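Engineer: Data: target37.txt, compact mmCIF, C-alpha atoms.
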# COMPACT_ATOMS: atom_id res chain seq x y z
CA MET A 922 -15.45 -23.10 0.25
CA LYS A 923 -16.39 -19.48 0.85
CA SER A 924 -13.83 -17.01 -0.49
CA GLU A 925 -12.86 -13.83 1.30
CA SER A 926 -14.71 -11.92 -1.41
CA GLN A 927 -17.98 -13.26 -0.02
CA ASN A 928 -17.36 -11.57 3.31
CA SER A 929 -19.43 -8.41 3.62
CA ASN A 930 -17.97 -4.97 4.16
CA SER A 931 -19.22 -5.00 7.75
CA GLY A 932 -16.54 -3.60 10.01
CA MET A 933 -14.87 -1.72 7.17
CA LYS A 934 -13.14 1.47 8.27
CA ILE A 935 -12.59 4.51 6.09
CA ILE A 936 -9.41 6.47 5.39
CA PRO A 937 -10.48 9.97 4.26
CA PRO A 938 -9.02 11.37 1.02
CA CYS A 939 -5.40 12.57 1.21
CA SER A 940 -4.74 11.10 4.66
CA GLY A 941 -3.10 8.12 6.35
CA ILE A 942 -3.39 5.85 9.37
CA SER A 943 -1.36 3.23 11.24
CA PHE A 944 -2.27 0.09 13.17
CA VAL A 945 -0.96 -3.32 14.25
CA LEU A 946 -1.66 -6.38 12.10
CA ASN A 947 -0.85 -9.57 13.97
CA LYS A 948 0.62 -12.68 12.37
CA GLY A 949 -2.13 -14.67 10.67
CA GLU A 950 -4.53 -11.74 10.41
CA ARG A 951 -5.68 -10.61 6.99
CA LEU A 952 -6.01 -7.03 5.81
CA ARG A 953 -8.61 -6.23 3.16
CA VAL A 954 -8.03 -2.93 1.33
CA THR A 955 -11.00 -1.78 -0.76
CA ASP A 956 -11.24 0.88 -3.46
CA ILE A 957 -14.64 2.24 -2.52
CA GLN A 958 -15.34 4.51 -5.48
CA GLY A 959 -12.74 3.35 -8.01
CA GLU A 960 -9.43 4.69 -9.36
CA GLN A 961 -7.97 5.43 -5.91
CA VAL A 962 -4.47 4.36 -4.84
CA SER A 963 -3.51 3.32 -1.31
CA ASP A 964 0.15 3.40 -0.20
CA PHE A 965 1.02 0.47 2.09
CA ILE A 966 4.16 0.08 4.20
CA CYS A 967 4.94 -2.18 7.14
CA PHE A 968 7.54 -2.87 9.79
CA ASN A 969 8.29 -5.74 12.15
CA LEU A 970 6.28 -4.87 15.27
CA HIS A 971 9.07 -6.14 17.53
CA ASP A 972 11.96 -4.49 15.66
CA THR A 973 11.02 -1.60 13.37
CA LYS A 974 14.48 -1.60 11.80
CA GLU A 975 13.08 -4.50 9.76
CA TYR A 976 10.84 -3.06 7.06
CA LEU A 977 9.18 -3.87 3.74
CA SER A 978 11.70 -4.06 0.88
CA SER A 979 10.74 -3.35 -2.72
CA GLY A 980 14.14 -4.43 -4.02
CA ARG A 981 14.23 -7.81 -2.31
CA THR A 982 10.59 -8.61 -3.08
CA ILE A 983 10.91 -7.82 -6.79
CA ASP A 984 14.28 -9.61 -6.97
CA TYR A 985 12.91 -12.84 -5.47
CA ALA A 986 9.61 -12.71 -7.42
CA GLU A 987 11.40 -11.91 -10.72
CA THR A 988 8.53 -9.61 -11.68
CA ILE A 989 7.31 -6.10 -10.96
CA PHE A 990 3.69 -7.19 -11.36
CA LEU A 991 2.94 -8.60 -7.92
CA THR A 992 -0.43 -10.23 -7.25
CA THR A 993 -2.13 -13.26 -5.67
CA GLY A 994 0.33 -15.78 -4.27
CA HIS A 995 3.35 -13.48 -4.12
CA PRO A 996 5.17 -13.17 -0.77
CA PHE A 997 6.59 -9.77 0.20
CA TYR A 998 9.99 -9.64 1.88
CA SER A 999 11.70 -7.43 4.42
CA ASN A 1000 15.15 -5.86 4.17
CA ARG A 1001 16.30 -8.99 6.06
CA SER A 1002 14.73 -11.36 3.50
CA ASN A 1003 11.98 -12.53 5.85
CA VAL A 1004 8.44 -12.86 4.49
CA MET A 1005 6.27 -10.10 5.96
CA PHE A 1006 2.97 -10.84 4.19
CA GLU A 1007 1.45 -12.56 1.17
CA ILE A 1008 -1.29 -11.51 -1.25
CA ILE A 1009 -4.22 -13.91 -0.74
CA GLU A 1010 -6.80 -12.34 -3.06
CA ASP A 1011 -6.57 -9.59 -5.67
CA THR A 1012 -9.43 -8.48 -7.92
CA VAL A 1013 -7.32 -5.96 -9.86
CA GLY A 1014 -3.91 -7.53 -10.48
CA ARG A 1015 -2.07 -4.29 -11.17
CA HIS A 1016 -0.22 -2.45 -8.43
CA ASP A 1017 3.10 -0.61 -8.17
CA PHE A 1018 6.19 -1.35 -6.07
CA LEU A 1019 8.66 0.90 -7.90
CA LEU A 1020 7.74 4.44 -6.89
CA THR A 1021 8.25 6.17 -3.56
CA PRO A 1022 5.33 7.63 -1.56
CA CYS A 1023 4.38 11.08 -2.82
CA SER A 1024 5.73 13.91 -0.67
CA ALA A 1025 5.89 17.69 -0.49
CA ASP A 1026 8.95 17.42 -2.75
CA THR A 1027 6.95 15.35 -5.25
CA PHE A 1028 4.37 18.11 -5.54
CA ARG A 1029 7.06 20.79 -5.75
CA ILE A 1030 9.26 19.05 -8.34
CA ILE A 1031 6.72 17.20 -10.50
CA TYR A 1032 3.59 19.32 -10.18
CA GLY A 1033 5.15 22.73 -9.50
CA HIS A 1034 3.04 23.45 -6.42
CA LYS A 1035 4.17 26.52 -4.48
CA HIS A 1036 2.41 25.35 -1.32
CA PRO A 1037 2.65 21.56 -1.59
CA HIS A 1038 0.67 18.99 0.39
CA ARG A 1039 2.85 16.78 2.62
CA GLY A 1040 1.67 13.79 0.60
CA CYS A 1041 1.63 10.12 1.56
CA ALA A 1042 5.19 10.25 2.92
CA GLY A 1043 4.21 13.00 5.35
CA ASN A 1044 0.92 11.32 6.23
CA LEU A 1045 2.69 8.01 6.91
CA ALA A 1046 5.37 9.66 9.05
CA GLU A 1047 2.72 11.46 11.10
CA ALA A 1048 0.67 8.27 11.56
CA LEU A 1049 3.68 6.11 12.48
CA LYS A 1050 5.46 8.46 14.89
CA GLU A 1051 3.76 6.79 17.87
CA TYR A 1052 5.82 3.69 17.01
CA GLY A 1053 9.08 5.65 16.88
CA ILE A 1054 9.13 5.62 13.07
CA GLY A 1055 10.24 8.91 11.52
CA PRO A 1056 10.29 10.45 8.03
CA ASP A 1057 13.71 9.00 7.19
CA ASP A 1058 12.42 5.50 8.03
CA ILE A 1059 9.68 5.48 5.37
CA PRO A 1060 10.62 2.94 2.64
CA ILE A 1061 9.28 2.55 -0.90
CA SER A 1062 5.61 1.71 -0.48
CA PHE A 1063 3.55 -1.04 -2.06
CA ASN A 1064 1.18 1.22 -3.98
CA ILE A 1065 -2.06 -0.71 -4.02
CA PHE A 1066 -4.15 -0.14 -7.18
CA MET A 1067 -1.50 2.15 -8.71
CA ASN A 1068 -1.02 1.62 -12.45
CA VAL A 1069 2.54 2.30 -13.64
CA ASP A 1070 3.45 1.50 -17.23
CA VAL A 1071 7.08 0.64 -18.01
CA LYS A 1072 8.20 0.88 -21.63
CA GLU A 1073 11.01 -1.17 -23.17
CA SER A 1074 13.03 2.06 -23.29
CA GLY A 1075 12.75 2.34 -19.51
CA LYS A 1076 10.29 5.24 -19.65
CA ILE A 1077 7.67 5.05 -16.90
CA SER A 1078 4.20 6.57 -16.97
CA VAL A 1079 1.63 6.83 -14.20
CA LEU A 1080 -1.76 5.88 -15.66
CA PRO A 1081 -5.24 5.85 -14.07
CA PRO A 1082 -5.77 2.86 -11.77
CA LYS A 1083 -7.51 -0.17 -13.24
CA SER A 1084 -9.51 -0.62 -10.03
CA LYS A 1085 -13.28 -0.08 -10.07
CA SER A 1086 -15.68 0.57 -7.21
CA GLY A 1087 -15.61 -2.41 -4.83
CA ASP A 1088 -12.32 -3.88 -6.05
CA TYR A 1089 -10.05 -5.10 -3.26
CA ILE A 1090 -6.87 -6.87 -2.26
CA ILE A 1091 -6.32 -9.13 0.77
CA LEU A 1092 -2.93 -9.45 2.46
CA GLU A 1093 -2.09 -12.06 5.11
CA ALA A 1094 0.51 -11.12 7.74
CA LYS A 1095 3.35 -13.63 8.16
CA MET A 1096 4.76 -11.79 11.20
CA ASP A 1097 3.44 -9.22 13.66
CA LEU A 1098 3.39 -5.93 11.74
CA VAL A 1099 3.07 -2.21 12.23
CA VAL A 1100 1.17 -1.04 9.15
CA GLY A 1101 0.94 2.38 7.54
CA LEU A 1102 -1.85 2.88 5.00
CA THR A 1103 -3.04 5.92 3.03
CA ALA A 1104 -5.60 7.26 0.63
CA CYS A 1105 -3.05 8.65 -1.84
CA SER A 1106 -2.70 12.39 -2.47
CA ALA A 1107 -0.95 12.40 -5.87
CA GLU A 1108 -3.02 13.74 -8.75
CA MET A 1109 -1.77 11.48 -11.56
CA SER A 1110 -1.96 8.33 -9.42
CA ASN A 1111 -5.71 8.74 -8.87
CA ASN A 1112 -6.78 10.16 -12.24
CA TYR A 1113 -6.95 13.64 -10.68
CA SER A 1114 -9.72 12.87 -8.19
CA PHE A 1115 -9.17 12.19 -4.48
CA LYS A 1116 -11.36 9.58 -2.83
CA PRO A 1117 -11.45 7.49 0.38
CA ILE A 1118 -10.01 4.02 0.90
CA GLY A 1119 -11.71 1.28 2.90
CA TYR A 1120 -9.91 -1.28 5.03
CA SER A 1121 -10.80 -4.06 7.42
CA VAL A 1122 -8.89 -6.63 9.47
CA LEU A 1123 -10.24 -10.13 8.95
CA GLU A 1124 -10.12 -12.91 11.50
CA LYS A 1125 -6.87 -14.69 12.24
CA THR A 1126 -6.09 -17.83 10.25
CA ASP A 1127 -4.80 -21.14 11.62
CA ASN A 1128 -1.34 -20.66 10.02
Re-express the file's structure as structure tokens.
Structural biologist:
Amino acid sequence: MKSESQNSNSGMKIIPPCSGISFVLNKGERLRVTDIQGEQVSDFICFNLHDTKEYLSSGRTIDYAETIFLTTGHPFYSNRSNVMFEIIEDTVGRHDFLLTPCSADTFRIIYGHKHPHRGCAGNLAEALKEYGIGPDDIPISFNIFMNVDVKESGKISVLPPKSKSGDYIILEAKMDLVVGLTACSAEMSNNYSFKPIGYSVLEKTDN
């Protein structure tokens, strides 16, 4: 049986560095997110297309999975404990679901920028406003390819992503979704180099 990894990159769209987009992913469709050049994070959030008060929940997903290291086979839950999507393929196996999308405040507080970029939070809010989703509605994102180390003491460290050029993850929608997706703007998350992210919507499954 042919795996998704054997599908070519035909039809792949590009998110430019330090930007974000939004789109609808229908139930049964699969989203392939590709790290084109390597060591680039992509923040992913989603909402129920038919009721955007239902959104992706880090707390519920981690609670039900009993792990912070989410990969192939793990379902991701909404704030109402409904499955929103599942990871179907994952060539990296290390992503983050603890940290919030970077924002102007992130750059001001952590990096000391006097004129901070609006970050992924701002990019997501801008991209999702056509769906009536505002800045206060942006939840903790599933940070694809982000490498966060957690020590026994509780200390967390953001390390360079483990993803190489061409690595990817495939998510299958379990309900109709509004998706927000970025090429992350945070320096530490991307080993201090900003690159594009590729994405493509694969054909609908029979599920």
Engineer: Do you have, as a tab-separated table, the list of residues of range 1037-1128 of chain A lying at most 8 Å from range 963-973 of chain A, each with its nearest atom pair and that distance in Å to one decimal, counting all atoms listed in the file and ordered by chain then number?
Structural biologist:
residue	atom	partner	partner_atom	distance
A:Cys1041	CA	A:Asp964	CA	7.1
A:Ile1054	CA	A:Thr973	CA	7.5
A:Ile1059	CA	A:Ile966	CA	7.8
A:Pro1060	CA	A:Ile966	CA	7.2
A:Ile1061	CA	A:Ile966	CA	7.6
A:Ser1062	CA	A:Ile966	CA	5.2
A:Phe1063	CA	A:Phe965	CA	5.1
A:Asn1064	CA	A:Asp964	CA	4.5
A:Ile1065	CA	A:Ser963	CA	5.1
A:Phe1066	CA	A:Ser963	CA	6.8
A:Met1067	CA	A:Ser963	CA	7.8
A:Met1096	CA	A:Asn969	CA	7.1
A:Asp1097	CA	A:Leu970	CA	5.4
A:Leu1098	CA	A:Leu970	CA	4.7
A:Val1099	CA	A:Phe968	CA	5.1
A:Val1100	CA	A:Cys967	CA	4.4
A:Gly1101	CA	A:Ile966	CA	5.2
A:Leu1102	CA	A:Phe965	CA	4.7
A:Thr1103	CA	A:Ser963	CA	5.1
A:Ala1104	CA	A:Ser963	CA	4.9
A:Cys1105	CA	A:Ser963	CA	5.4
A:Ile1118	CA	A:Ser963	CA	6.9
Engineer: Please list as a list in words every residue within 12 Å of Ala986 in chain A, counting only C-alpha atoms and excluding residues in the same chain fewer than 5 positions away.
Structural biologist: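 Neighbouring residues, sequence-local ones excluded: Ser979, Gly980, Arg981, Leu991, Thr992, Thr993, Gly994, His995, Pro996, Phe997, Tyr998, Val1004, Glu1007 and Phe1018 of chain A.
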Engineer: Between CA of Pro1081 in chain A and CA of Glu1108 in chain A, what is the distance, to one decimal in Å?
Structural biologist: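 CA of Glu1108 in chain A lies at a distance of 9.8 Å from CA of Pro1081 in chain A.
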Engineer: Write out as a PyMOL selection string the residues lying within 7 Å of Thr955 in chain A, counting all atoms listed in the file and excluding same-chain residues fewer than 2 positions away.
Structural biologist: chain A and resi 953+957+1087-1090+1118-1120
Engineer: Distance CA of Asn1068 in chain A-CA of Leu1123 in chain A, one decimal place?
Structural biologist: 26.1 Å
Engineer: Mind pulling up the distance from CA of Glu1010 in chain A to CA of Ile983 in chain A?
Structural biologist: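 Between CA of Ile983 in chain A and CA of Glu1010 in chain A the gap is 18.7 Å.
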Engineer: Taking all atoms listed in the file into account, which of A:Lys1085, A:Ile989, A:Met1109, A:Asp1070 comes nearest Tyr1032 in chain A?
Structural biologist: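 Under the stated criterion, the closest residue is A:Met1109.
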Engineer: Measuring atom to atom with only C-alpha atoms, identify which of A:Ser1086, A:Ser1106, A:Asn1111, A:Ser1078 is nearest to Pro1022 in chain A.
Structural biologist: A:Ser1106
Engineer: Which is closer to Leu977 in chain A than all the others in A:His1036, A:Lys1072, A:Lys1116, A:Arg1001, using only C-alpha atoms?
Structural biologist: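 For Leu977 in chain A, the nearest of the candidates is A:Arg1001.
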Engineer: Counting only C-alpha atoms, figure out which residue out of A:Ser1114, A:Ser999, A:Asp1017, A:Val1079 gets nearest to Tyr985 in chain A.
Structural biologist: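 Among the listed residues, the smallest separation from Tyr985 in chain A belongs to A:Ser999.
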Engineer: Which is closest to Gly1053 in chain A among A:Lys948, A:Lys1095, A:Lys974, A:Lys1076, if we use all atoms listed in the file?
Structural biologist: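 Smallest distance to Gly1053 in chain A is found for A:Lys974.
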Engineer: Pick out the closest residue to Leu1049 in chain A from this set: A:Ser943, A:Ser1024, A:Asn1000, A:Ser1084. Count all atoms listed in the file.
Structural biologist: A:Ser943
Engineer: Give me the residues near Arg1039 in chain A as a list of chain:residue names, where near means some atom within 12 Å (using only C-alpha atoms) and where sequence neighbours in that chain fewer than 5 positions away do not count.
Structural biologist: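 Result of the neighbour search: A:Cys939, A:Ser940, A:Gly941, A:Pro1022, A:Cys1023, A:Ser1024, A:Ala1025, A:Asp1026, A:Thr1027, A:Phe1028, A:Arg1029, A:His1034, A:Asn1044, A:Leu1045, A:Ala1046, A:Glu1047, A:Pro1056, A:Cys1105, A:Ser1106, A:Ala1107.
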Engineer: Could range 1023-1045 of chain A be completed with N, CA and C atoms and written as a PDB file, in the frame of the given file, please?
Structural biologist:
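result08.pdb, freshly written:
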ATOM      1  N   CYS A1023       4.364   9.661  -2.462  1.00  0.00           N
ATOM      2  CA  CYS A1023       4.380  11.080  -2.820  1.00  0.00           C
ATOM      3  C   CYS A1023       4.672  11.912  -1.573  1.00  0.00           C
ATOM      4  N   SER A1024       5.299  13.061  -1.783  1.00  0.00           N
ATOM      5  CA  SER A1024       5.730  13.910  -0.670  1.00  0.00           C
ATOM      6  C   SER A1024       5.591  15.371  -1.079  1.00  0.00           C
ATOM      7  N   ALA A1025       5.886  16.265  -0.150  1.00  0.00           N
ATOM      8  CA  ALA A1025       5.890  17.690  -0.490  1.00  0.00           C
ATOM      9  C   ALA A1025       6.860  17.959  -1.636  1.00  0.00           C
ATOM     10  N   ASP A1026       7.987  17.249  -1.656  1.00  0.00           N
ATOM     11  CA  ASP A1026       8.950  17.420  -2.750  1.00  0.00           C
ATOM     12  C   ASP A1026       8.391  16.927  -4.078  1.00  0.00           C
ATOM     13  N   THR A1027       7.602  15.837  -4.027  1.00  0.00           N
ATOM     14  CA  THR A1027       6.950  15.350  -5.250  1.00  0.00           C
ATOM     15  C   THR A1027       6.089  16.451  -5.867  1.00  0.00           C
ATOM     16  N   PHE A1028       5.285  17.084  -5.034  1.00  0.00           N
ATOM     17  CA  PHE A1028       4.370  18.110  -5.540  1.00  0.00           C
ATOM     18  C   PHE A1028       5.131  19.358  -5.995  1.00  0.00           C
ATOM     19  N   ARG A1029       6.254  19.632  -5.359  1.00  0.00           N
ATOM     20  CA  ARG A1029       7.060  20.790  -5.750  1.00  0.00           C
ATOM     21  C   ARG A1029       7.796  20.526  -7.057  1.00  0.00           C
ATOM     22  N   ILE A1030       8.412  19.351  -7.181  1.00  0.00           N
ATOM     23  CA  ILE A1030       9.260  19.050  -8.340  1.00  0.00           C
ATOM     24  C   ILE A1030       8.451  18.621  -9.560  1.00  0.00           C
ATOM     25  N   ILE A1031       7.474  17.739  -9.369  1.00  0.00           N
ATOM     26  CA  ILE A1031       6.720  17.200 -10.500  1.00  0.00           C
ATOM     27  C   ILE A1031       5.548  18.091 -10.902  1.00  0.00           C
ATOM     28  N   TYR A1032       4.819  18.573  -9.893  1.00  0.00           N
ATOM     29  CA  TYR A1032       3.590  19.320 -10.180  1.00  0.00           C
ATOM     30  C   TYR A1032       3.781  20.839 -10.131  1.00  0.00           C
ATOM     31  N   GLY A1033       4.896  21.308  -9.562  1.00  0.00           N
ATOM     32  CA  GLY A1033       5.150  22.730  -9.500  1.00  0.00           C
ATOM     33  C   GLY A1033       4.321  23.487  -8.484  1.00  0.00           C
ATOM     34  N   HIS A1034       3.852  22.797  -7.448  1.00  0.00           N
ATOM     35  CA  HIS A1034       3.040  23.450  -6.420  1.00  0.00           C
ATOM     36  C   HIS A1034       3.906  24.383  -5.570  1.00  0.00           C
ATOM     37  N   LYS A1035       3.439  25.578  -5.335  1.00  0.00           N
ATOM     38  CA  LYS A1035       4.170  26.520  -4.480  1.00  0.00           C
ATOM     39  C   LYS A1035       3.912  26.256  -3.004  1.00  0.00           C
ATOM     40  N   HIS A1036       2.762  25.693  -2.700  1.00  0.00           N
ATOM     41  CA  HIS A1036       2.410  25.350  -1.320  1.00  0.00           C
ATOM     42  C   HIS A1036       1.979  23.886  -1.287  1.00  0.00           C
ATOM     43  N   PRO A1037       2.963  22.985  -1.378  1.00  0.00           N
ATOM     44  CA  PRO A1037       2.650  21.560  -1.590  1.00  0.00           C
ATOM     45  C   PRO A1037       2.058  20.872  -0.357  1.00  0.00           C
ATOM     46  N   HIS A1038       1.198  19.901  -0.637  1.00  0.00           N
ATOM     47  CA  HIS A1038       0.670  18.990   0.390  1.00  0.00           C
ATOM     48  C   HIS A1038       1.822  18.102   0.869  1.00  0.00           C
ATOM     49  N   ARG A1039       1.767  17.648   2.111  1.00  0.00           N
ATOM     50  CA  ARG A1039       2.850  16.780   2.620  1.00  0.00           C
ATOM     51  C   ARG A1039       2.829  15.401   1.993  1.00  0.00           C
ATOM     52  N   GLY A1040       1.726  15.034   1.341  1.00  0.00           N
ATOM     53  CA  GLY A1040       1.670  13.790   0.600  1.00  0.00           C
ATOM     54  C   GLY A1040       1.618  12.551   1.487  1.00  0.00           C
ATOM     55  N   CYS A1041       1.701  11.385   0.834  1.00  0.00           N
ATOM     56  CA  CYS A1041       1.630  10.120   1.560  1.00  0.00           C
ATOM     57  C   CYS A1041       2.826   9.939   2.491  1.00  0.00           C
ATOM     58  N   ALA A1042       4.011  10.386   2.060  1.00  0.00           N
ATOM     59  CA  ALA A1042       5.190  10.250   2.920  1.00  0.00           C
ATOM     60  C   ALA A1042       4.979  10.992   4.233  1.00  0.00           C
ATOM     61  N   GLY A1043       4.478  12.227   4.156  1.00  0.00           N
ATOM     62  CA  GLY A1043       4.210  13.000   5.350  1.00  0.00           C
ATOM     63  C   GLY A1043       3.085  12.410   6.182  1.00  0.00           C
ATOM     64  N   ASN A1044       2.036  11.941   5.511  1.00  0.00           N
ATOM     65  CA  ASN A1044       0.920  11.320   6.230  1.00  0.00           C
ATOM     66  C   ASN A1044       1.355  10.043   6.940  1.00  0.00           C
ATOM     67  N   LEU A1045       2.197   9.245   6.294  1.00  0.00           N
ATOM     68  CA  LEU A1045       2.690   8.010   6.910  1.00  0.00           C
ATOM     69  C   LEU A1045       3.585   8.315   8.103  1.00  0.00           C
TER      70      LEU A1045
END
